[in-house]
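Undergrad: File follows, data30.cif with mmCIF, C-alpha atoms:
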data_run
#
loop_
_atom_site.label_atom_id
_atom_site.label_comp_id
_atom_site.auth_asym_id
_atom_site.auth_seq_id
_atom_site.Cartn_x
_atom_site.Cartn_y
_atom_site.Cartn_z
CA MET A 153 0.00 0.00 0.00
CA LEU A 154 2.89 2.36 0.75
CA LEU A 155 4.45 1.63 -2.65
CA ASP A 156 1.15 2.16 -4.46
CA ALA A 157 0.61 5.42 -2.58
CA ALA A 158 4.15 6.64 -3.36
CA SER A 159 3.68 5.74 -7.03
CA SER A 160 0.38 7.56 -7.42
CA LEU A 161 1.65 10.57 -5.46
CA MET A 162 4.66 10.90 -7.78
CA ILE A 163 2.43 10.72 -10.83
CA ARG A 164 0.02 13.30 -9.40
CA THR A 165 2.68 15.78 -8.27
CA GLN A 166 4.93 15.07 -11.28
CA SER A 167 7.83 15.03 -8.85
CA VAL A 168 9.86 12.31 -7.18
CA ASP A 169 10.75 14.57 -4.28
CA ILE A 170 7.85 13.51 -2.07
CA SER A 171 7.94 13.94 1.71
CA LEU A 172 6.89 11.35 4.26
CA SER A 173 4.19 13.68 5.56
CA GLU A 174 2.72 14.08 2.06
CA LEU A 175 2.81 10.31 1.73
CA ALA A 176 1.06 9.88 5.08
CA SER A 177 -1.75 12.30 4.24
CA HIS A 178 -2.10 10.89 0.70
CA SER A 179 -2.25 7.26 1.86
CA GLY A 180 -3.82 7.55 5.29
CA LEU A 181 -0.95 5.40 6.58
CA ASN A 182 1.44 6.22 9.39
CA SER A 183 4.74 7.36 7.90
CA ALA A 184 6.63 5.38 10.58
CA LEU A 185 5.74 2.31 8.51
CA VAL A 186 8.23 3.50 5.90
CA LYS A 187 11.05 3.16 8.38
CA TYR A 188 9.67 -0.15 9.61
CA TYR A 189 9.40 -1.80 6.19
CA PHE A 190 12.11 -0.06 4.14
CA GLY A 191 14.56 1.45 6.64
CA SER A 192 14.32 4.93 5.09
CA LYS A 193 12.53 6.94 2.42
CA ASN A 194 15.26 6.14 -0.10
CA GLY A 195 14.96 2.46 0.81
CA MET A 196 11.28 2.70 -0.09
CA LEU A 197 12.07 4.42 -3.38
CA VAL A 198 14.55 1.66 -4.30
CA ALA A 199 11.86 -0.94 -3.50
CA LEU A 200 9.46 0.98 -5.74
CA MET A 201 11.97 0.91 -8.58
CA LYS A 202 12.59 -2.79 -8.14
CA ARG A 203 8.90 -3.54 -8.34
CA ALA A 204 8.51 -1.38 -11.45
CA ALA A 205 11.64 -2.88 -13.00
CA SER A 206 10.91 -6.55 -12.44
CA THR A 207 8.54 -6.87 -15.41
CA ALA A 208 10.73 -4.79 -17.69
CA LEU A 209 13.89 -6.76 -16.86
CA ALA A 210 12.11 -10.09 -17.29
CA GLN A 211 10.99 -8.92 -20.75
CA LEU A 212 14.57 -8.01 -21.61
CA ASP A 213 15.78 -11.52 -20.72
CA TYR A 214 12.96 -13.13 -22.65
CA LEU A 215 13.57 -10.89 -25.67
CA LYS A 216 17.26 -11.78 -25.74
CA SER A 217 16.46 -15.48 -26.14
CA MET A 218 13.65 -15.17 -28.70
CA PRO A 219 14.25 -16.86 -32.07
CA ILE A 220 13.58 -13.69 -34.10
CA SER A 221 15.79 -11.33 -36.12
CA PRO A 222 17.83 -8.57 -34.44
CA THR A 223 15.63 -6.03 -36.26
CA ALA A 224 12.48 -7.55 -34.76
CA LYS A 225 14.14 -7.59 -31.32
CA MET A 226 15.05 -3.95 -31.64
CA LYS A 227 11.46 -3.03 -32.50
CA LEU A 228 10.15 -4.87 -29.45
CA HIS A 229 12.87 -3.31 -27.29
CA ILE A 230 11.93 0.24 -28.27
CA ALA A 231 8.21 -0.42 -27.70
CA GLY A 232 9.15 -1.99 -24.35
CA ILE A 233 11.08 1.08 -23.14
CA ILE A 234 8.33 3.51 -24.13
CA ASN A 235 5.63 1.31 -22.58
CA THR A 236 7.63 1.08 -19.33
CA TYR A 237 8.01 4.87 -19.15
CA HIS A 238 4.33 5.20 -19.94
CA ARG A 239 3.39 2.98 -16.99
CA PHE A 240 5.99 4.51 -14.65
CA PRO A 241 6.46 8.10 -15.84
CA TYR A 242 8.61 8.89 -12.78
CA TRP A 243 11.09 6.12 -13.59
CA ASN A 244 13.96 8.13 -15.03
CA ARG A 245 13.60 10.98 -12.55
CA LEU A 246 13.67 8.47 -9.74
CA VAL A 247 16.88 6.90 -11.06
CA HIS A 248 18.52 10.31 -11.13
CA TYR A 249 17.15 11.31 -7.76
CA LEU A 250 18.55 8.15 -6.17
CA LEU A 251 21.88 8.53 -7.97
CA GLN A 252 22.50 12.05 -6.67
CA ASP A 253 25.00 10.61 -4.25
CA PRO A 254 26.98 8.27 -6.53
CA THR A 255 28.96 6.81 -3.62
CA SER A 256 25.90 5.49 -1.75
CA ALA A 257 25.00 1.81 -1.51
CA GLN A 258 21.69 2.61 -3.23
CA SER A 259 23.52 4.06 -6.22
CA ALA A 260 25.58 0.90 -6.65
CA GLU A 261 22.44 -1.20 -6.37
CA ILE A 262 20.52 0.86 -8.92
CA VAL A 263 23.33 0.86 -11.45
CA GLU A 264 23.76 -2.90 -11.00
CA PHE A 265 20.05 -3.78 -11.26
CA PHE A 266 18.58 -1.30 -13.71
CA VAL A 267 21.16 0.43 -15.85
CA LYS A 268 23.73 -2.30 -16.49
CA PRO A 269 21.29 -4.94 -17.84
CA LEU A 270 19.86 -2.40 -20.29
CA ILE A 271 23.28 -1.33 -21.55
CA GLU A 272 24.45 -4.92 -21.89
CA PHE A 273 21.29 -5.94 -23.70
CA GLN A 274 21.75 -3.13 -26.22
CA ARG A 275 25.43 -3.97 -26.76
CA ASP A 276 24.54 -7.61 -27.44
CA ILE A 277 21.71 -6.89 -29.83
CA LEU A 278 23.75 -4.28 -31.72
CA ALA A 279 26.58 -6.82 -32.18
CA GLU A 280 24.10 -9.54 -33.15
CA GLY A 281 22.57 -7.28 -35.81
CA VAL A 282 25.98 -6.43 -37.26
CA ARG A 283 26.90 -10.14 -37.43
CA ALA A 284 23.59 -10.90 -39.14
CA GLY A 285 24.28 -8.23 -41.75
CA GLU A 286 21.17 -6.25 -40.70
CA PHE A 287 22.72 -3.37 -38.70
CA ARG A 288 25.47 -0.90 -39.40
CA GLN A 289 28.14 -0.42 -36.73
CA ILE A 290 26.93 2.21 -34.23
CA ASP A 291 28.74 3.32 -31.08
CA PRO A 292 26.82 1.66 -28.17
CA MET A 293 27.14 4.69 -25.88
CA ASN A 294 25.79 7.11 -28.49
CA PHE A 295 23.06 4.58 -29.22
CA TYR A 296 22.10 4.21 -25.56
CA PHE A 297 21.83 7.95 -24.92
CA SER A 298 19.87 8.77 -28.06
CA VAL A 299 17.39 5.91 -27.67
CA VAL A 300 16.77 6.23 -23.93
CA GLY A 301 16.62 10.04 -24.16
CA ALA A 302 14.12 9.93 -27.03
CA CYS A 303 11.94 7.29 -25.31
CA ASP A 304 11.84 9.17 -22.01
CA ALA A 305 11.21 12.73 -23.21
CA PRO A 306 7.39 12.80 -23.56
CA PHE A 307 6.92 11.54 -20.00
CA PHE A 308 9.21 14.17 -18.69
CA ALA A 309 8.01 17.27 -20.47
CA ARG A 310 4.24 17.20 -20.23
CA PHE A 311 4.04 20.99 -20.30
CA VAL A 312 4.82 20.73 -24.03
CA PHE A 313 1.41 19.14 -24.67
CA ASP A 314 -0.38 22.43 -24.03
CA LEU A 315 1.85 24.27 -26.46
CA MET A 316 1.17 21.64 -29.08
CA GLY A 317 -2.58 21.71 -28.48
CA VAL A 318 -2.54 18.10 -27.28
CA GLU A 319 -4.79 17.03 -24.39
CA ASP A 320 -2.79 14.13 -23.04
CA PHE A 321 -0.29 11.46 -24.01
CA ASP A 322 -3.06 8.93 -24.61
CA ASP A 323 -2.88 5.48 -26.18
CA GLN A 324 -3.03 6.83 -29.71
CA ARG A 325 -0.19 9.25 -28.98
CA ARG A 326 1.83 6.48 -27.34
CA ARG A 327 1.44 4.22 -30.38
CA SER A 328 2.31 7.08 -32.70
CA TYR A 329 5.42 7.82 -30.66
CA ILE A 330 6.50 4.15 -30.63
CA ALA A 331 6.18 4.07 -34.43
CA HIS A 332 8.12 7.35 -34.70
CA VAL A 333 11.05 6.29 -32.50
CA THR A 334 11.19 2.84 -34.09
CA GLU A 335 11.42 4.37 -37.54
CA LEU A 336 13.97 6.91 -36.32
CA VAL A 337 16.28 4.31 -34.78
CA LEU A 338 16.00 1.78 -37.61
CA SER A 339 16.52 4.46 -40.28
CA GLN A 340 20.01 4.99 -38.93
CA LEU A 341 20.71 1.44 -37.88
CA LEU A 342 19.61 -0.70 -40.82
CA VAL A 343 21.99 -1.45 -43.66
CA GLU A 344 18.94 -0.93 -45.91
CA PRO A 345 17.38 2.26 -44.48
CA GLU A 346 14.31 2.25 -46.74
CA ARG A 347 13.10 -0.86 -44.88
CA ALA A 348 12.68 1.31 -41.76
CA ARG A 349 10.11 3.58 -43.35
CA GLY A 350 6.63 2.96 -42.13
CA ALA A 351 7.94 0.56 -39.46
CA ASP A 352 4.94 -0.14 -37.27
CA GLY A 353 6.68 -0.26 -33.92
CA GLY A 354 6.30 -4.01 -33.65
CA SER A 355 3.97 -4.08 -30.66
CA GLU A 356 0.25 -3.99 -30.12
CA SER A 357 0.33 -3.63 -26.37
CA MET B 241 28.59 36.76 -9.20
CA LEU B 242 25.53 35.09 -7.68
CA LEU B 243 24.53 33.68 -11.08
CA ASP B 244 28.05 32.39 -11.73
CA ALA B 245 28.13 30.78 -8.29
CA ALA B 246 24.70 29.18 -8.75
CA SER B 247 25.75 27.87 -12.16
CA SER B 248 29.00 26.29 -10.94
CA LEU B 249 27.30 24.89 -7.83
CA MET B 250 24.66 23.15 -9.99
CA ILE B 251 27.32 21.67 -12.22
CA ARG B 252 29.36 20.47 -9.24
CA THR B 253 26.45 18.96 -7.30
CA GLN B 254 24.69 17.73 -10.49
CA SER B 255 21.49 19.01 -8.98
CA VAL B 256 19.36 22.11 -9.49
CA ASP B 257 17.93 21.86 -6.00
CA ILE B 258 20.51 24.13 -4.36
CA SER B 259 19.83 25.91 -1.09
CA LEU B 260 20.61 29.53 -0.34
CA SER B 261 22.97 28.49 2.46
CA GLU B 262 24.93 26.24 0.07
CA LEU B 263 25.05 29.14 -2.35
CA ALA B 264 26.31 31.49 0.38
CA SER B 265 29.09 29.15 1.50
CA HIS B 266 30.05 28.30 -2.11
CA SER B 267 30.18 31.94 -3.22
CA GLY B 268 31.21 33.74 -0.03
CA LEU B 269 28.27 36.10 -0.66
CA ASN B 270 25.46 36.92 1.72
CA SER B 271 22.36 34.99 0.65
CA ALA B 272 20.19 38.02 1.42
CA LEU B 273 21.53 39.43 -1.86
CA VAL B 274 19.42 36.85 -3.69
CA LYS B 275 16.26 38.42 -2.31
CA TYR B 276 17.60 41.92 -2.98
CA TYR B 277 18.46 41.32 -6.63
CA PHE B 278 16.03 38.60 -7.71
CA GLY B 279 13.15 38.67 -5.20
CA SER B 280 13.49 34.94 -4.46
CA LYS B 281 15.54 31.84 -5.18
CA ASN B 282 13.27 30.94 -8.09
CA GLY B 283 13.60 34.51 -9.38
CA MET B 284 17.37 33.97 -9.43
CA LEU B 285 16.98 30.63 -11.25
CA VAL B 286 14.82 32.25 -13.92
CA ALA B 287 17.47 34.97 -14.35
CA LEU B 288 20.09 32.23 -14.70
CA MET B 289 18.05 30.53 -17.43
CA LYS B 290 17.53 33.81 -19.25
CA ARG B 291 21.25 34.47 -19.28
CA ALA B 292 21.97 30.94 -20.53
CA ALA B 293 19.20 31.15 -23.11
CA SER B 294 20.02 34.51 -24.61
CA THR B 295 22.82 33.20 -26.84
CA ALA B 296 20.88 30.08 -27.83
CA LEU B 297 17.75 32.02 -28.76
CA ALA B 298 19.73 34.59 -30.73
CA GLN B 299 21.31 31.71 -32.69
CA LEU B 300 17.85 30.30 -33.41
CA ASP B 301 16.70 33.65 -34.86
CA TYR B 302 19.85 33.99 -36.92
CA LEU B 303 19.60 30.39 -38.18
CA LYS B 304 16.00 30.92 -39.29
CA SER B 305 17.03 33.76 -41.60
CA MET B 306 20.18 32.17 -43.07
CA PRO B 307 20.17 31.62 -46.86
CA ILE B 308 20.99 27.89 -46.59
CA SER B 309 19.00 24.71 -47.20
CA PRO B 310 16.58 23.29 -44.59
CA THR B 311 18.92 20.29 -44.27
CA ALA B 312 21.88 22.54 -43.46
CA LYS B 313 19.73 24.46 -40.96
CA MET B 314 18.71 21.23 -39.27
CA LYS B 315 22.36 20.17 -38.89
CA LEU B 316 23.26 23.49 -37.29
CA HIS B 317 20.17 23.31 -35.08
CA ILE B 318 21.09 19.88 -33.68
CA ALA B 319 24.69 20.91 -33.03
CA GLY B 320 23.33 24.07 -31.37
CA ILE B 321 21.09 22.16 -28.95
CA ILE B 322 23.85 19.73 -27.93
CA ASN B 323 26.38 22.53 -27.52
CA THR B 324 23.94 24.48 -25.35
CA TYR B 325 23.35 21.46 -23.10
CA HIS B 326 27.10 20.91 -22.98
CA ARG B 327 27.67 24.46 -21.73
CA PHE B 328 24.69 24.40 -19.36
CA PRO B 329 24.22 20.76 -18.33
CA TYR B 330 21.60 21.77 -15.75
CA TRP B 331 19.39 23.43 -18.37
CA ASN B 332 16.68 20.85 -18.81
CA ARG B 333 16.54 19.93 -15.15
CA LEU B 334 16.16 23.60 -14.31
CA VAL B 335 13.28 23.99 -16.76
CA HIS B 336 11.49 21.07 -15.13
CA TYR B 337 12.30 22.23 -11.64
CA LEU B 338 10.84 25.67 -12.35
CA LEU B 339 7.79 24.18 -14.08
CA GLN B 340 6.81 21.99 -11.13
CA ASP B 341 4.05 24.46 -10.36
CA PRO B 342 2.56 24.97 -13.82
CA THR B 343 0.24 27.73 -12.61
CA SER B 344 3.02 30.04 -11.40
CA ALA B 345 4.06 33.23 -13.18
CA GLN B 346 7.53 31.73 -13.61
CA SER B 347 6.12 28.76 -15.48
CA ALA B 348 4.31 30.99 -17.93
CA GLU B 349 7.47 33.03 -18.42
CA ILE B 350 9.64 29.96 -19.02
CA VAL B 351 7.26 28.38 -21.49
CA GLU B 352 6.94 31.69 -23.33
CA PHE B 353 10.66 32.47 -23.48
CA PHE B 354 12.39 29.11 -23.81
CA VAL B 355 10.09 26.34 -24.94
CA LYS B 356 7.78 28.10 -27.41
CA PRO B 357 10.52 29.60 -29.63
CA LEU B 358 12.18 26.18 -29.95
CA ILE B 359 8.93 24.43 -30.88
CA GLU B 360 8.00 27.14 -33.37
CA PHE B 361 11.44 27.10 -34.94
CA GLN B 362 11.24 23.34 -35.45
CA ARG B 363 7.73 23.54 -36.93
CA ASP B 364 8.89 26.19 -39.40
CA ILE B 365 12.02 24.37 -40.49
CA LEU B 366 10.16 21.05 -40.85
CA ALA B 367 7.55 22.73 -43.09
CA GLU B 368 10.28 24.54 -45.05
CA GLY B 369 12.07 21.23 -45.67
CA VAL B 370 8.88 19.56 -46.90
CA ARG B 371 8.16 22.48 -49.28
CA ALA B 372 11.75 22.27 -50.59
CA GLY B 373 11.32 18.55 -51.26
CA GLU B 374 14.14 17.69 -48.82
CA PHE B 375 12.17 16.39 -45.81
CA ARG B 376 9.43 13.84 -45.36
CA GLN B 377 6.38 14.83 -43.35
CA ILE B 378 7.08 14.15 -39.66
CA ASP B 379 4.75 14.96 -36.76
CA PRO B 380 6.29 18.05 -35.06
CA MET B 381 5.48 16.87 -31.53
CA ASN B 382 7.10 13.44 -32.05
CA PHE B 383 10.02 15.23 -33.67
CA TYR B 384 10.43 17.67 -30.79
CA PHE B 385 10.43 14.98 -28.10
CA SER B 386 12.81 12.61 -29.87
CA VAL B 387 15.33 15.31 -30.80
CA VAL B 388 15.36 17.20 -27.51
CA GLY B 389 15.37 13.95 -25.50
CA ALA B 390 18.28 12.53 -27.49
CA CYS B 391 20.29 15.77 -27.29
CA ASP B 392 19.80 16.12 -23.55
CA ALA B 393 20.43 12.55 -22.37
CA PRO B 394 24.27 12.47 -22.03
CA PHE B 395 24.25 15.56 -19.82
CA PHE B 396 21.65 14.03 -17.61
CA ALA B 397 22.96 10.52 -17.10
CA ARG B 398 26.63 10.89 -16.34
CA PHE B 399 26.65 7.73 -14.22
CA VAL B 400 26.48 5.82 -17.52
CA PHE B 401 30.02 6.92 -18.39
CA ASP B 402 31.54 4.65 -15.74
CA LEU B 403 29.61 1.66 -17.00
CA MET B 404 30.81 2.37 -20.52
CA GLY B 405 34.42 2.84 -19.41
CA VAL B 406 34.36 6.48 -20.52
CA GLU B 407 36.19 9.11 -18.45
CA ASP B 408 34.18 12.17 -19.32
CA PHE B 409 31.97 13.68 -21.99
CA ASP B 410 34.92 15.55 -23.49
CA ASP B 411 35.15 17.47 -26.77
CA GLN B 412 35.76 14.36 -28.83
CA ARG B 413 32.71 12.65 -27.29
CA ARG B 414 30.62 15.76 -27.84
CA ARG B 415 31.57 15.93 -31.53
CA SER B 416 30.93 12.20 -31.91
CA TYR B 417 27.51 12.62 -30.32
CA ILE B 418 26.61 15.59 -32.54
CA ALA B 419 27.51 13.50 -35.61
CA HIS B 420 25.47 10.57 -34.26
CA VAL B 421 22.30 12.55 -33.52
CA THR B 422 22.57 14.47 -36.80
CA GLU B 423 22.79 11.22 -38.76
CA LEU B 424 19.95 9.73 -36.70
CA VAL B 425 17.58 12.63 -37.29
CA LEU B 426 18.40 13.10 -40.97
CA SER B 427 18.16 9.35 -41.68
CA GLN B 428 14.50 9.52 -40.82
CA LEU B 429 13.80 13.00 -42.09
CA LEU B 430 15.44 13.15 -45.51
CA VAL B 431 13.56 12.02 -48.60
CA GLU B 432 16.87 10.47 -49.67
CA PRO B 433 18.05 8.72 -46.44
CA GLU B 434 21.41 7.59 -47.81
CA ARG B 435 22.46 11.29 -47.92
CA ALA B 436 22.33 11.29 -44.10
CA ARG B 437 24.99 8.63 -43.67
CA GLY B 438 28.28 10.02 -42.55
CA ALA B 439 26.69 13.45 -41.96
CA ASP B 440 29.31 15.44 -40.10
CA GLY B 441 27.09 17.37 -37.77
CA GLY B 442 27.63 20.63 -39.60
CA SER B 443 29.50 22.46 -36.86
CA GLU B 444 33.07 22.84 -35.78
CA SER B 445 32.40 24.70 -32.60
#
Could you write out this file's structure as structure tokens?
TA:
Amino acid sequence: MLLDAASSLMIRTQSVDISLSELASHSGLNSALVKYYFGSKNGMLVALMKRAASTALAQLDYLKSMPISPTAKMKLHIAGIINTYHRFPYWNRLVHYLLQDPTSAQSAEIVEFFVKPLIEFQRDILAEGVRAGEFRQIDPMNFYFSVVGACDAPFFARFVFDLMGVEDFDDQRRRSYIAHVTELVLSQLLVEPERARGADGGSES
Amino acid sequence: MLLDAASSLMIRTQSVDISLSELASHSGLNSALVKYYFGSKNGMLVALMKRAASTALAQLDYLKSMPISPTAKMKLHIAGIINTYHRFPYWNRLVHYLLQDPTSAQSAEIVEFFVKPLIEFQRDILAEGVRAGEFRQIDPMNFYFSVVGACDAPFFARFVFDLMGVEDFDDQRRRSYIAHVTELVLSQLLVEPERARGADGGSES
């Protein structure tokens, strides 16, 4: 219940910097429970990340082993990142919030559990695509930043919607953005760029 | 001096959430000066953004009027965004920090002065490129999010450098990233995608 309350409070306030007293009044729970169950507020935030990440990381493992082409894996991967940010719009902000002190035990844990698997997955799939003759050689670090940055941006800059005359980042918008980023990434990555055009994003969910 | 101190403190702490007492001890200045000159801490942060933005916005105006092709303008635009984030790595975080209360006068000011000109510039150049037969039709909102997100990410996620075995986002890295994002964006945007490959980023600075 504490994790659900923290999650919905972050979405409502569009901030990860929630206080225990806000959490208490939002949830109707005694904030001492945070210390009891998680040791500290940051301990609770790490638990929240782990819960949010478990599905996403399981998908990454499953995707790696699927008997499909590197191009098809990349499409599913991009849809997977955007769908994860859509479900947990505070995800990236929370990572950065918890990494503010890079020497803390939490920082080491977060890097080990959330960031490293993603980077390693992308390295592997990029190499696999090059070996299969589907992908051009792209620097993995440049690739990581551009893909993750592009996938994250709409969930981070909601004030732009007003300026664009858009009500909300609804399902249609989400699907349109998945198709856009998929086409963007594959246009650069594929040996035959024209095959990227009109890429459908590879996911219905 | 207060603005310089706030800027260097944000870069050092990798956080925009600086306190007036930190600012006082970092700068050796009395924090009451913040209230005297800027009315409040947020007033000072808006002044800091305005100073940082003035060069970038002047470049945008100049770029719009240059007698060069839409493709050449787009290359300079992408290099311009990345170079601005490189100089002011706290930029995007500061925008979001100041927009946390979307009903405040500061929020209206920030949207009006920093976000709107960028969105309008991109809309214009996208339309210009389509008219010139150089660009395909791309949704301006999808375009905005993917480009700004990609340009911003390395300055936001420095903890990734360690994992990638990279010391720092130095000049060589910055140039490599400009070339990468330029190629990425043009690969999708250009009617003739093969012309994007090996795009040099269009800027020496």
Undergrad: Using all atoms listed in the file, what does the table of chain A residues within 7 Å of chain B look like, with each row giving the shortest atom pair and its distance in Å to one decimal, sorted by chain and ascending number, as a Markdown table?
TA:
| residue | atom | partner | partner_atom | distance |
| --- | --- | --- | --- | --- |
| A:Met293 | CA | B:Met404 | CA | 6.9 |
| A:Asn294 | CA | B:Tyr417 | CA | 6.1 |
| A:Phe297 | CA | B:Ala393 | CA | 5.4 |
| A:Ser298 | CA | B:Ala390 | CA | 4.1 |
| A:Val299 | CA | B:Ala390 | CA | 6.7 |
| A:Gly301 | CA | B:Gly389 | CA | 4.3 |
| A:Ala302 | CA | B:Ser386 | CA | 4.1 |
| A:Asp304 | CA | B:Gly389 | CA | 6.9 |
| A:Ala305 | CA | B:Gly389 | CA | 4.9 |
| A:Pro306 | CA | B:Phe385 | CA | 5.9 |
| A:Met316 | CA | B:Met381 | CA | 6.9 |
| A:Tyr329 | CA | B:Asn382 | CA | 6.0 |
| A:His332 | CA | B:Asn382 | CA | 6.7 |
| A:Glu335 | CA | B:Gln428 | CA | 6.8 |
| A:Leu336 | CA | B:Gln428 | CA | 5.2 |
| A:Val337 | CA | B:Leu424 | CA | 6.8 |
| A:Ser339 | CA | B:Ser427 | CA | 5.3 |
| A:Gln340 | CA | B:Leu424 | CA | 5.2 |
| A:Pro345 | CA | B:Pro433 | CA | 6.8 |
Undergrad: Which one of A:Val282, A:Leu155, A:Met226, A:Leu172 sits closest to A:Arg203 if you count all atoms listed in the file?
TA: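 Once distances to A:Arg203 are computed over all atoms listed in the file, the minimum belongs to A:Leu155.
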Undergrad: Apply the PyMOL selection byres ((chain A and resi 197-202) around 12) to the file shown and report the selected residues as a PyMOL selection string.
TA: chain A and resi 153-160+162+168-172+186-187+189-196+203-210+236-237+240-251+257-267
Undergrad: Provide the atom CA of B:Ser305 to atom CA of B:Asp364 distance in Å, to one decimal place.
TA: 11.3 Å
Undergrad: Give me, please, the distance in Å between atom CA of B:Pro357 and atom CA of A:Asp320, quoted to one decimal.
TA: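 We find that atom CA of B:Pro357 and atom CA of A:Asp320 lie 21.4 Å from each other.
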Undergrad: Between atom CA of B:Gln377 and atom CA of B:Thr311, what is the spacing in Å?
TA: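 Atom-to-atom, atom CA of B:Thr311 and atom CA of B:Gln377 are spaced 13.7 Å apart.
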Undergrad: Looking at all atoms listed in the file, which of B:Ala372, B:Leu316, B:Leu366, B:Leu358 is the one that sits closest to B:Thr422?
TA: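 Going through B:Ala372, B:Leu316, B:Leu366, B:Leu358 one by one, the smallest distance to B:Thr422 is for B:Leu316.
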Undergrad: Enumerate, as a ChimeraX atom specification, the residues matched when the PyMOL selection byres ((chain A and resi 215) around 10) is run on the file above.
TA: /A:209-214,216-220,224-226,228-229,273,277
Undergrad: Go ahead and write the residues just picked, C-alpha atoms, as a compact mmCIF listing (two decimals), in the frame of the given file.
TA:
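out_16.txt written:
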# COMPACT_ATOMS: atom_id res chain seq x y z
CA LEU A 209 13.89 -6.76 -16.86
CA ALA A 210 12.11 -10.09 -17.29
CA GLN A 211 10.99 -8.92 -20.75
CA LEU A 212 14.57 -8.01 -21.61
CA ASP A 213 15.78 -11.52 -20.72
CA TYR A 214 12.96 -13.13 -22.65
CA LYS A 216 17.26 -11.78 -25.74
CA SER A 217 16.46 -15.48 -26.14
CA MET A 218 13.65 -15.17 -28.70
CA PRO A 219 14.25 -16.86 -32.07
CA ILE A 220 13.58 -13.69 -34.10
CA ALA A 224 12.48 -7.55 -34.76
CA LYS A 225 14.14 -7.59 -31.32
CA MET A 226 15.05 -3.95 -31.64
CA LEU A 228 10.15 -4.87 -29.45
CA HIS A 229 12.87 -3.31 -27.29
CA PHE A 273 21.29 -5.94 -23.70
CA ILE A 277 21.71 -6.89 -29.83
Undergrad: Could you tell me which of A:Ala231, A:Ser221, A:Glu319, A:Arg327 comes closest to A:Gly281 if we count all atoms listed in the file?
TA: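 Using all atoms listed in the file, the shortest distance to A:Gly281 belongs to A:Ser221.
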